[in-house]
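Report on the structure given below.
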Amino acid sequence: MKGTLGDVDGLVLSKLLSEVIATRPEELLWCVEKIADAGGGAWLVGGAVRQGMIGRKPNDWDLAVDLEPEHMLELFPDALATGVRYGTVTLRRGEYSFEATTLRGEGHYGDGRRPDSVSYSKSLAADLARRDFTFNAMAVDLTRELLHDPFEGRIDLANQRLRAVGD
């Protein structure tokens with residue numbers, strides 16, 4: 001397998017999630033493979049995972065990566081430095097754009113919306129643990145077809161339960 005292996009146990013994708021993930025743009029997989037070839041890891045996160053869990057095709061495909069923004073910008077010369085301060089770059093391939101955010105920890109939220117500081121990490125587990133709700137703390141390894149769900153967000157999503165990470 002290519003790319004960094006997440007430091008969180010992975011589950012085999014459900015049939016429903018697997019079917020939705022199969023609709024991903026090939027351009028996304030190209031980006032993931034390029035990151036893997038550079039020795040990095042990339043995981044699908046956010047709305048794409050939530051939408052896939054309920055059988056809906058995602059509108060956007062966001063990635064969490066373990067390469068720092070500067071490395072991502074070197075690797076993808078057409079990428080946009082959209083939120084480098086927070087670890088986010090926008091990858092562009094063909095007609096598609098994908099946000100890729102470096103795994104991170106966060107400092108204090110002075111404005112209540114964005115952290116005053118971030119520290120980059122190589123830990124998928126730590127990145128998922130900083131998220132707000134359990135159904136937002138899931139990630140899919142596209143190369144291995146595994147779901148990383150350390151807080152059982154899939155169960156909360158199925159039960160339509162809103163639960164904070166750590167509850």
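If you're wondering about the labels, chains in the structure tokens are A, B, ... by order shown, residues count from 1 in each chain, ligands from 1 in order shown.
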(request) Check the DSSP output for the backbone and give back, as a list in words, the residues of segment 20-111 of chain A in strand (DSSP E or B). (result) Ala42, Trp43, Leu44, Val45, Asp62, Leu63, Ala64, Val65, Leu80, Ala81, Thr82, Gly83, Thr88, Val89, Thr90, Leu91, Arg92, Arg93, Tyr96, Ser97, Phe98, Glu99, Ala100, Thr101, Thr102, Arg104, Gly105 and Glu106 of chain A
With a cut-off of 12 Å, could you pull out the residues of segment 73-139 of chain A touching segment 20-34 of chain A and give me the nearest pair of atoms for each, distance in Å to one decimal, using only C-alpha atoms, ordered by chain and ascending number, as a tab-separated table?
```
residue	atom	partner	partner_atom	distance
A:Glu74	CA	A:Lys34	CA	11.8
A:Leu75	CA	A:Lys34	CA	8.0
A:Phe76	CA	A:Cys31	CA	8.6
A:Asp78	CA	A:Cys31	CA	11.9
A:Ala79	CA	A:Cys31	CA	10.9
A:Thr90	CA	A:Cys31	CA	11.1
A:Leu91	CA	A:Cys31	CA	7.8
A:Arg92	CA	A:Glu27	CA	8.6
A:Arg93	CA	A:Glu27	CA	5.9
A:Gly94	CA	A:Glu27	CA	7.1
A:Glu95	CA	A:Glu27	CA	8.8
A:Tyr96	CA	A:Glu27	CA	7.2
A:Ser97	CA	A:Leu28	CA	8.6
A:Phe98	CA	A:Leu28	CA	7.4
A:Glu99	CA	A:Leu28	CA	10.4
A:Ala100	CA	A:Cys31	CA	9.9
A:Ala139	CA	A:Ile21	CA	11.9
```
With C-alpha atoms retained, export the selected residues as an mmCIF file, in the first residue's frame.
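As a result, again.cif now contains:
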```
data_model
loop_
_atom_site.group_PDB
_atom_site.id
_atom_site.type_symbol
_atom_site.label_atom_id
_atom_site.label_comp_id
_atom_site.auth_asym_id
_atom_site.auth_seq_id
_atom_site.Cartn_x
_atom_site.Cartn_y
_atom_site.Cartn_z
ATOM 1 C CA GLU A 74 6.062 22.354 -3.969
ATOM 2 C CA LEU A 75 4.410 19.055 -4.854
ATOM 3 C CA PHE A 76 1.427 20.744 -6.534
ATOM 4 C CA ASP A 78 -0.874 24.820 -9.389
ATOM 5 C CA ALA A 79 -2.147 24.676 -5.790
ATOM 6 C CA THR A 90 -6.337 24.090 -2.439
ATOM 7 C CA LEU A 91 -5.230 21.432 -4.888
ATOM 8 C CA ARG A 92 -6.331 21.878 -8.480
ATOM 9 C CA ARG A 93 -6.513 19.146 -11.061
ATOM 10 C CA GLY A 94 -8.535 19.513 -14.241
ATOM 11 C CA GLU A 95 -11.864 21.128 -13.427
ATOM 12 C CA TYR A 96 -11.680 20.072 -9.765
ATOM 13 C CA SER A 97 -10.408 21.755 -6.608
ATOM 14 C CA PHE A 98 -9.804 19.944 -3.327
ATOM 15 C CA GLU A 99 -8.926 21.487 0.039
ATOM 16 C CA ALA A 100 -6.025 19.711 1.729
ATOM 17 C CA ALA A 139 -11.605 9.803 7.930
#
```
(request) Using DSSP on the backbone coordinates, identify all residues within segment 3-164 of chain A classified as helix (DSSP H, G or I); present the result as a PyMOL selection string. (result) chain A and resi 15-21+26-37+47-53+69-75+84-86+124-129+134-136+153-158
(message) List as a PyMOL selection string the protein and nucleic acid residues near Arg50 of chain A, meaning an atom at most 9 Å away when only C-alpha atoms are counted, but skip any in the same chain fewer than 2 places from it.
(response) chain A and resi 45-48+52-56+58+135-136+138+154+157
Any chance you can output those residues with N, CA and C atoms as an mmCIF file, in the first residue's frame?
```cif
data_model
loop_
_atom_site.group_PDB
_atom_site.id
_atom_site.type_symbol
_atom_site.label_atom_id
_atom_site.label_comp_id
_atom_site.auth_asym_id
_atom_site.auth_seq_id
_atom_site.Cartn_x
_atom_site.Cartn_y
_atom_site.Cartn_z
ATOM 1 N N VAL A 45 -11.933 13.548 4.549
ATOM 2 C CA VAL A 45 -12.563 13.980 5.800
ATOM 3 C C VAL A 45 -13.763 14.880 5.506
ATOM 4 N N GLY A 46 -14.488 15.201 6.566
ATOM 5 C CA GLY A 46 -15.538 16.209 6.470
ATOM 6 C C GLY A 46 -16.812 15.725 5.815
ATOM 7 N N GLY A 47 -17.418 16.638 5.076
ATOM 8 C CA GLY A 47 -18.719 16.389 4.469
ATOM 9 C C GLY A 47 -18.750 15.189 3.549
ATOM 10 N N ALA A 48 -17.664 14.928 2.846
ATOM 11 C CA ALA A 48 -17.640 13.779 1.934
ATOM 12 C C ALA A 48 -17.860 12.473 2.696
ATOM 13 N N GLY A 52 -21.266 10.373 2.404
ATOM 14 C CA GLY A 52 -21.098 8.992 1.962
ATOM 15 C C GLY A 52 -21.721 7.986 2.909
ATOM 16 N N MET A 53 -21.653 8.270 4.206
ATOM 17 C CA MET A 53 -22.218 7.356 5.203
ATOM 18 C C MET A 53 -23.733 7.221 5.063
ATOM 19 N N ILE A 54 -24.377 8.260 4.528
ATOM 20 C CA ILE A 54 -25.836 8.197 4.369
ATOM 21 C C ILE A 54 -26.244 8.004 2.902
ATOM 22 N N GLY A 55 -25.262 7.669 2.068
ATOM 23 C CA GLY A 55 -25.561 7.322 0.690
ATOM 24 C C GLY A 55 -25.719 8.478 -0.271
ATOM 25 N N ARG A 56 -25.282 9.659 0.132
ATOM 26 C CA ARG A 56 -25.379 10.826 -0.751
ATOM 27 C C ARG A 56 -24.025 11.124 -1.377
ATOM 28 N N PRO A 58 -21.100 13.331 -2.351
ATOM 29 C CA PRO A 58 -20.585 14.589 -1.791
ATOM 30 C C PRO A 58 -20.501 15.708 -2.824
ATOM 31 N N PHE A 135 -19.343 12.726 14.393
ATOM 32 C CA PHE A 135 -19.539 12.430 12.970
ATOM 33 C C PHE A 135 -18.668 13.304 12.073
ATOM 34 N N ASN A 136 -17.962 14.259 12.665
ATOM 35 C CA ASN A 136 -16.954 15.033 11.933
ATOM 36 C C ASN A 136 -15.549 14.490 12.186
ATOM 37 N N MET A 138 -14.260 11.502 11.550
ATOM 38 C CA MET A 138 -14.057 10.270 10.790
ATOM 39 C C MET A 138 -13.196 10.601 9.576
ATOM 40 N N ARG A 154 -19.938 7.060 13.130
ATOM 41 C CA ARG A 154 -20.848 6.356 12.220
ATOM 42 C C ARG A 154 -22.103 5.902 12.955
ATOM 43 N N LEU A 157 -24.185 9.042 13.713
ATOM 44 C CA LEU A 157 -24.830 9.498 12.479
ATOM 45 C C LEU A 157 -26.034 8.615 12.163
#
```
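Interatomic distance, atom CA of Gly110 of chain A to atom CA of Met72 of chain A: 27.6 Å.
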(request) Could you check which of A:Thr82, A:Gly3, A:Val49, A:Glu152 is closest to Leu16 of chain A, using only C-alpha atoms? (result) A:Val49
